[in-house]
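Visitor: Structure in structure tokens, see below.
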Amino acid sequence: MRTMNRGTTQQSSAPYNRRIVLDLIRRQGSMSRKDIVDLVSLSPQTVANITNDLEAIGLIMSRRLKADKSRGQPPIAFELNPNAGCSIGISLEPGRASAAQVNLVGDVLRKNDVAVDTRDRRQVLAAMVGLVKDLMSRRPVSERTWGIGVALPGPLIATDISFVGPTALEGWTDLSVLDDLRDATRLPVFYSVDSVAGALGETLFGVAKSLDNFFYLHLGMGLGGALVVNRSAYRGADGNATEIGHIPIVPGGTPCYCGNAGCLERYLSLHSLAEALGVDDAQVQGGQLEARLADDGDAALQAWMRQAAHKLRDAVCIIENMLDPRSIVIGGSAPKALAQRLVELAQPLHRSVRGGVAAPEERILLSERQEDSSILGAAVLPLYDMLSPRLEVLQQERRSDANVAEIMGQRPVGRVGRL
Ligand SMILES: [Zn+2]
């Protein structure tokens, strides 16, 4: 087992200890009180109090394990209660809004998506409110909705390269539409750059569950990245770290909307694929691309794949030599079949500091949740604070009510963090 967070006995850290225990139960799937006591520096009585509290709130449930005759009374195992509420994730990409309702163990219960002109904020708001209403109108699995998480292509604060080009939310100047979403739905709204959301989704419920340190590559309409260190996303000086799509990789290459030329996402993104195929972006979103992927005789697609895989191989080498991540996890809205094929074509990988240390199959992992990884990541945003003991979660967030905060002892209402 990897290093576990250890509790502290200070009285003031009761909410922190509660999260430590909740996180342990989530990561292990099922644990007895004795297992928990063995792994944290908390007294059996404190652990008993915490499990009683969490059970009373409804976040965990207990069941008695099968009797073992030699041991007397069988122990009670605690598990996360999947129906202790749900969360709604919305992924915004140019031209499309997708949403899903997700339960506390990361199961996607329902999902829906609509085409939308993301340059028009009124349309975006109407689409998001419509998706939320649709998901909530069907029979609820639980009365409690923890909040809405929105994942958007970054950077999300004004920089030279923010809100420009067809892979970003072109023409946006601020995120006030999210305040309108909160007002319209009366639910807390959390948001983050899509790559960070995707990385946190993989941390809580995906292939990175047991990784404390990894790089997440978000392959969608554009290309984003997130570095997760000790289960938090590294933010950089102003919250714009690891914007890997705009790293110039080809000297004098294809002009980029950011003003530079030869940027990685001009070769490795769904938008670059649409350009190469001479089709609208909408035709490489959703199910349409999958049928085309199955056709080996599609010369334009195969040519794009070969060059994109070449760039992926270079990008993997850069990421590995710069950051030495345990693994590179590829997620995003691109179909899994596409990512898988690119990874195959990128073999053999370049020599790097991970070569000879990591097994070849550990160097790149594919999200098991594609194409759901974007919306799952978004849905994780309202849950992450509660389910992970990392107190310095780096997503920007807005809250309009304090139900989670009250339960977990967090700061109430109105905290606006930084991305
Ligand atoms: Zn660029």
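Order determines the names: the first chain of the structure tokens is A, the second B, and so forth; residues in each chain are numbered 1 upward, and ligands are numbered 1 upward as they are shown.
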Could you list, with a cut-off of 10 Å and counting only C-alpha atoms, the residues of range 300-403 of chain A near range 275-283 of chain A, each shown with its nearest atom pair and the distance in Å rounded to one decimal, rows sorted by chain and ascending number, as a Markdown table?

Guide:
| residue | atom | partner | partner_atom | distance |
| --- | --- | --- | --- | --- |
| A:Ala300 | CA | A:Leu277 | CA | 6.1 |
| A:Leu301 | CA | A:Leu277 | CA | 6.7 |
| A:Ala303 | CA | A:Ala276 | CA | 8.8 |
| A:Trp304 | CA | A:Ala276 | CA | 6.6 |

Visitor: Please identify all polymer residues within 8 Å of range 379-386 of chain A, counting only C-alpha atoms, omitting same-chain residues fewer than 6 positions from it, and present them as a ChimeraX atom specification.

Guide: /A:19,87-90,100-102,104,106,146-150,188-192,197,200-201,204,393,395,404,408

Visitor: Could you pull out all residues of range 192-275 of chain A with a DSSP call of alpha helix (DSSP H) and give them as a list in words?

Guide: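 Listing alpha helix (DSSP H) positions across range 192-275 of chain A yields Asp194, Ser195, Val196, Ala197, Gly198, Ala199, Leu200, Gly201, Glu202, Thr203, Leu204, Phe205, Leu270, His271, Ser272, Leu273, Ala274 and Glu275 of chain A.
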
Visitor: Any residue with an atom at most 8 Å from ligand 1 counts, using only C-alpha atoms and all ligand atoms. Which are they? Put them as an NGL selection string.

Guide: :A and (161 or 245-248 or 255-266)

Visitor: Would you mind listing, for every residue of range 125-157 of chain A within 10 Å of range 113-117 of chain A, the two atoms forming the shortest contact and the distance between them in Å to one decimal, using only C-alpha atoms, sorted by chain and ascending residue number, as CSV?

Guide:
residue,atom,partner,partner_atom,distance
A:Leu125,CA,A:Val116,CA,9.9
A:Ala126,CA,A:Val116,CA,9.4
A:Ala127,CA,A:Val116,CA,7.0
A:Met128,CA,A:Val114,CA,9.1
A:Gly130,CA,A:Val114,CA,9.5
A:Leu131,CA,A:Asp113,CA,7.3

Visitor: Pull N, CA and C atoms from the residues just selected and write them as a PDB file, in the first residue's frame.

Guide:
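Saved to again36.pdb:
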ATOM      1  N   LEU A 125     -25.763  29.427 -21.340  1.00  0.00           N
ATOM      2  CA  LEU A 125     -26.502  29.342 -20.074  1.00  0.00           C
ATOM      3  C   LEU A 125     -27.772  28.505 -20.254  1.00  0.00           C
ATOM      4  N   ALA A 126     -28.499  28.780 -21.337  1.00  0.00           N
ATOM      5  CA  ALA A 126     -29.750  28.034 -21.580  1.00  0.00           C
ATOM      6  C   ALA A 126     -29.456  26.546 -21.736  1.00  0.00           C
ATOM      7  N   ALA A 127     -28.362  26.233 -22.435  1.00  0.00           N
ATOM      8  CA  ALA A 127     -28.016  24.819 -22.646  1.00  0.00           C
ATOM      9  C   ALA A 127     -27.666  24.150 -21.318  1.00  0.00           C
ATOM     10  N   MET A 128     -26.891  24.834 -20.495  1.00  0.00           N
ATOM     11  CA  MET A 128     -26.470  24.234 -19.221  1.00  0.00           C
ATOM     12  C   MET A 128     -27.670  24.048 -18.288  1.00  0.00           C
ATOM     13  N   GLY A 130     -30.761  23.743 -19.162  1.00  0.00           N
ATOM     14  CA  GLY A 130     -31.589  22.686 -19.749  1.00  0.00           C
ATOM     15  C   GLY A 130     -31.050  21.298 -19.418  1.00  0.00           C
ATOM     16  N   LEU A 131     -29.741  21.138 -19.510  1.00  0.00           N
ATOM     17  CA  LEU A 131     -29.136  19.837 -19.209  1.00  0.00           C
ATOM     18  C   LEU A 131     -29.324  19.474 -17.731  1.00  0.00           C
TER      19      LEU A 131
END

Visitor: When DSSP is applied to the backbone of this structure, which of range 152-337 of chain A are assigned strand (DSSP E or B)? Write them out as a VMD selection string.

Guide: chain A and resid 152 189 to 193 213 to 219 223 to 229 232 to 233 248 255 261 263 328 to 331

Visitor: I need the residues from that last selection saved to file as a PDB file, in the first residue's frame (with N, CA and C atoms), if you can.

Guide:
ATOM      1  N   LEU A 152     -14.016  23.498 -18.281  1.00  0.00           N
ATOM      2  CA  LEU A 152     -13.911  24.333 -19.495  1.00  0.00           C
ATOM      3  C   LEU A 152     -12.468  24.328 -19.998  1.00  0.00           C
ATOM      4  N   VAL A 189     -21.957  25.929  -7.575  1.00  0.00           N
ATOM      5  CA  VAL A 189     -21.287  25.676  -8.855  1.00  0.00           C
ATOM      6  C   VAL A 189     -19.768  25.750  -8.651  1.00  0.00           C
ATOM      7  N   PHE A 190     -19.090  24.713  -9.082  1.00  0.00           N
ATOM      8  CA  PHE A 190     -17.637  24.647  -9.002  1.00  0.00           C
ATOM      9  C   PHE A 190     -17.122  24.600 -10.441  1.00  0.00           C
ATOM     10  N   TYR A 191     -15.942  25.113 -10.672  1.00  0.00           N
ATOM     11  CA  TYR A 191     -15.440  24.997 -12.034  1.00  0.00           C
ATOM     12  C   TYR A 191     -13.924  24.863 -12.047  1.00  0.00           C
ATOM     13  N   SER A 192     -13.440  24.399 -13.166  1.00  0.00           N
ATOM     14  CA  SER A 192     -12.006  24.189 -13.304  1.00  0.00           C
ATOM     15  C   SER A 192     -11.665  24.041 -14.780  1.00  0.00           C
ATOM     16  N   VAL A 193     -10.409  24.251 -15.092  1.00  0.00           N
ATOM     17  CA  VAL A 193      -9.931  23.918 -16.438  1.00  0.00           C
ATOM     18  C   VAL A 193     -10.193  22.426 -16.662  1.00  0.00           C
ATOM     19  N   ASN A 213       1.213  10.743  -8.070  1.00  0.00           N
ATOM     20  CA  ASN A 213       1.995  11.624  -8.920  1.00  0.00           C
ATOM     21  C   ASN A 213       1.843  11.157 -10.370  1.00  0.00           C
ATOM     22  N   PHE A 214       1.251  11.977 -11.196  1.00  0.00           N
ATOM     23  CA  PHE A 214       1.119  11.606 -12.610  1.00  0.00           C
ATOM     24  C   PHE A 214       0.851  12.846 -13.452  1.00  0.00           C
ATOM     25  N   PHE A 215       0.996  12.696 -14.748  1.00  0.00           N
ATOM     26  CA  PHE A 215       0.648  13.783 -15.671  1.00  0.00           C
ATOM     27  C   PHE A 215      -0.589  13.361 -16.434  1.00  0.00           C
ATOM     28  N   TYR A 216      -1.546  14.264 -16.556  1.00  0.00           N
ATOM     29  CA  TYR A 216      -2.784  13.959 -17.262  1.00  0.00           C
ATOM     30  C   TYR A 216      -2.802  14.745 -18.569  1.00  0.00           C
ATOM     31  N   LEU A 217      -3.025  14.030 -19.642  1.00  0.00           N
ATOM     32  CA  LEU A 217      -3.092  14.662 -20.961  1.00  0.00           C
ATOM     33  C   LEU A 217      -4.548  14.638 -21.411  1.00  0.00           C
ATOM     34  N   HIS A 218      -5.104  15.829 -21.608  1.00  0.00           N
ATOM     35  CA  HIS A 218      -6.522  15.937 -21.952  1.00  0.00           C
ATOM     36  C   HIS A 218      -6.647  16.113 -23.461  1.00  0.00           C
ATOM     37  N   LEU A 219      -7.020  15.033 -24.131  1.00  0.00           N
ATOM     38  CA  LEU A 219      -7.149  15.067 -25.591  1.00  0.00           C
ATOM     39  C   LEU A 219      -8.617  15.285 -25.952  1.00  0.00           C
ATOM     40  N   LEU A 223      -5.790  20.484 -26.750  1.00  0.00           N
ATOM     41  CA  LEU A 223      -4.965  19.571 -25.960  1.00  0.00           C
ATOM     42  C   LEU A 223      -4.537  20.295 -24.686  1.00  0.00           C
ATOM     43  N   GLY A 224      -4.855  19.707 -23.543  1.00  0.00           N
ATOM     44  CA  GLY A 224      -4.471  20.318 -22.262  1.00  0.00           C
ATOM     45  C   GLY A 224      -3.706  19.327 -21.423  1.00  0.00           C
ATOM     46  N   GLY A 225      -3.168  19.815 -20.335  1.00  0.00           N
ATOM     47  CA  GLY A 225      -2.428  18.927 -19.443  1.00  0.00           C
ATOM     48  C   GLY A 225      -2.598  19.348 -18.008  1.00  0.00           C
ATOM     49  N   ALA A 226      -2.344  18.417 -17.101  1.00  0.00           N
ATOM     50  CA  ALA A 226      -2.347  18.742 -15.669  1.00  0.00           C
ATOM     51  C   ALA A 226      -1.317  17.854 -14.995  1.00  0.00           C
ATOM     52  N   LEU A 227      -0.549  18.459 -14.117  1.00  0.00           N
ATOM     53  CA  LEU A 227       0.416  17.683 -13.335  1.00  0.00           C
ATOM     54  C   LEU A 227      -0.158  17.494 -11.940  1.00  0.00           C
ATOM     55  N   VAL A 228      -0.319  16.244 -11.532  1.00  0.00           N
ATOM     56  CA  VAL A 228      -0.838  15.966 -10.196  1.00  0.00           C
ATOM     57  C   VAL A 228       0.324  15.534  -9.313  1.00  0.00           C
ATOM     58  N   VAL A 229       0.526  16.288  -8.246  1.00  0.00           N
ATOM     59  CA  VAL A 229       1.588  15.989  -7.290  1.00  0.00           C
ATOM     60  C   VAL A 229       0.934  15.810  -5.932  1.00  0.00           C
ATOM     61  N   SER A 232      -2.769  16.683  -5.715  1.00  0.00           N
ATOM     62  CA  SER A 232      -3.264  18.025  -6.020  1.00  0.00           C
ATOM     63  C   SER A 232      -2.686  18.445  -7.359  1.00  0.00           C
ATOM     64  N   ALA A 233      -3.439  19.270  -8.083  1.00  0.00           N
ATOM     65  CA  ALA A 233      -2.937  19.743  -9.366  1.00  0.00           C
ATOM     66  C   ALA A 233      -1.956  20.887  -9.141  1.00  0.00           C
ATOM     67  N   PRO A 248       5.436  25.203 -28.451  1.00  0.00           N
ATOM     68  CA  PRO A 248       5.868  25.103 -29.850  1.00  0.00           C
ATOM     69  C   PRO A 248       6.737  23.855 -30.015  1.00  0.00           C
ATOM     70  N   PRO A 255       0.718  27.833 -38.249  1.00  0.00           N
ATOM     71  CA  PRO A 255       0.372  28.977 -37.397  1.00  0.00           C
ATOM     72  C   PRO A 255      -0.706  28.586 -36.388  1.00  0.00           C
ATOM     73  N   ALA A 261       3.636  29.691 -33.676  1.00  0.00           N
ATOM     74  CA  ALA A 261       3.510  28.704 -34.745  1.00  0.00           C
ATOM     75  C   ALA A 261       4.050  27.363 -34.275  1.00  0.00           C
ATOM     76  N   CYS A 263       2.528  24.959 -32.564  1.00  0.00           N
ATOM     77  CA  CYS A 263       2.106  24.482 -31.237  1.00  0.00           C
ATOM     78  C   CYS A 263       1.621  23.032 -31.315  1.00  0.00           C
ATOM     79  N   ILE A 328       1.763   8.753 -17.508  1.00  0.00           N
ATOM     80  CA  ILE A 328       1.012   9.771 -18.226  1.00  0.00           C
ATOM     81  C   ILE A 328      -0.353   9.148 -18.513  1.00  0.00           C
ATOM     82  N   VAL A 329      -1.397   9.791 -18.005  1.00  0.00           N
ATOM     83  CA  VAL A 329      -2.754   9.277 -18.211  1.00  0.00           C
ATOM     84  C   VAL A 329      -3.393  10.083 -19.332  1.00  0.00           C
ATOM     85  N   ILE A 330      -3.912   9.410 -20.341  1.00  0.00           N
ATOM     86  CA  ILE A 330      -4.570  10.126 -21.443  1.00  0.00           C
ATOM     87  C   ILE A 330      -6.078   9.995 -21.297  1.00  0.00           C
ATOM     88  N   GLY A 331      -6.740  11.149 -21.188  1.00  0.00           N
ATOM     89  CA  GLY A 331      -8.204  11.191 -21.116  1.00  0.00           C
ATOM     90  C   GLY A 331      -8.704  12.297 -22.020  1.00  0.00           C
TER      91      GLY A 331
END

Visitor: Can you work out which one of A:Arg326, A:Glu368, A:Asn81, A:Ala315 has the shortest atom-to-atom distance to Ser210 in chain A, counting only C-alpha atoms?

Guide: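 Comparing A:Arg326, A:Glu368, A:Asn81, A:Ala315 against Ser210 in chain A, the winner is A:Arg326.
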
Visitor: One number please: CA of Arg231 in chain A to CA of Asp212 in chain A, in Å, one decimal.

Guide: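 One can read the CA of Arg231 in chain A to CA of Asp212 in chain A distance as 5.2 Å.
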
Visitor: Compile a residue-level contact table for range 135-211 of chain A against range 24-32 of chain A at a cut-off of 12 Å, reporting for every qualifying residue the shortest atom pair and its distance in Å to one decimal, with only C-alpha atoms counted, rows ordered by chain and ascending number, as CSV.

Guide:
residue,atom,partner,partner_atom,distance
A:Thr203,CA,A:Arg27,CA,10.0
A:Leu204,CA,A:Arg27,CA,8.2
A:Phe205,CA,A:Arg27,CA,9.0
A:Gly206,CA,A:Arg27,CA,11.0
A:Ala208,CA,A:Arg27,CA,11.1
A:Lys209,CA,A:Arg27,CA,7.3
A:Ser210,CA,A:Arg27,CA,8.0
A:Leu211,CA,A:Arg27,CA,11.2

Visitor: Name the closest residue to Val284 in chain A among the candidates A:Leu338, A:Met136, A:Leu365, A:Ala48; distances are taken between atoms, counting only C-alpha atoms.

Guide: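 When distances to Val284 in chain A are compared using only C-alpha atoms, the smallest one comes from A:Leu338.
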
Visitor: Would you mind telling me which residue in A:Glu290, A:Glu93, A:Asp238, A:Asp295 lies nearest to Ser374 in chain A when using only C-alpha atoms?

Guide: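 Nearest candidate to Ser374 in chain A out of A:Glu290, A:Glu93, A:Asp238, A:Asp295: A:Glu93.
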
Visitor: Skip Asp372 in chain A itself and residues of its chain fewer than 2 positions away, then list as a count of residues only all residues within 10 Å of it, counting only C-alpha atoms.

Guide: 22

Visitor: Could you check how far CA of Arg363 in chain A sits from CA of Gly222 in chain A, in Å to one decimal?

Guide: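 Computing it gives 22.2 Å between the two atoms.
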
Visitor: For a quick check of understanding, using only C-alpha atoms, which of A:Ala158, A:Ala359, A:Cys317, A:Leu312 has the smallest distance to Gln340 in chain A?

Guide: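 Checking each of A:Ala158, A:Ala359, A:Cys317, A:Leu312 against Gln340 in chain A, counting only C-alpha atoms, the winner is A:Leu312.
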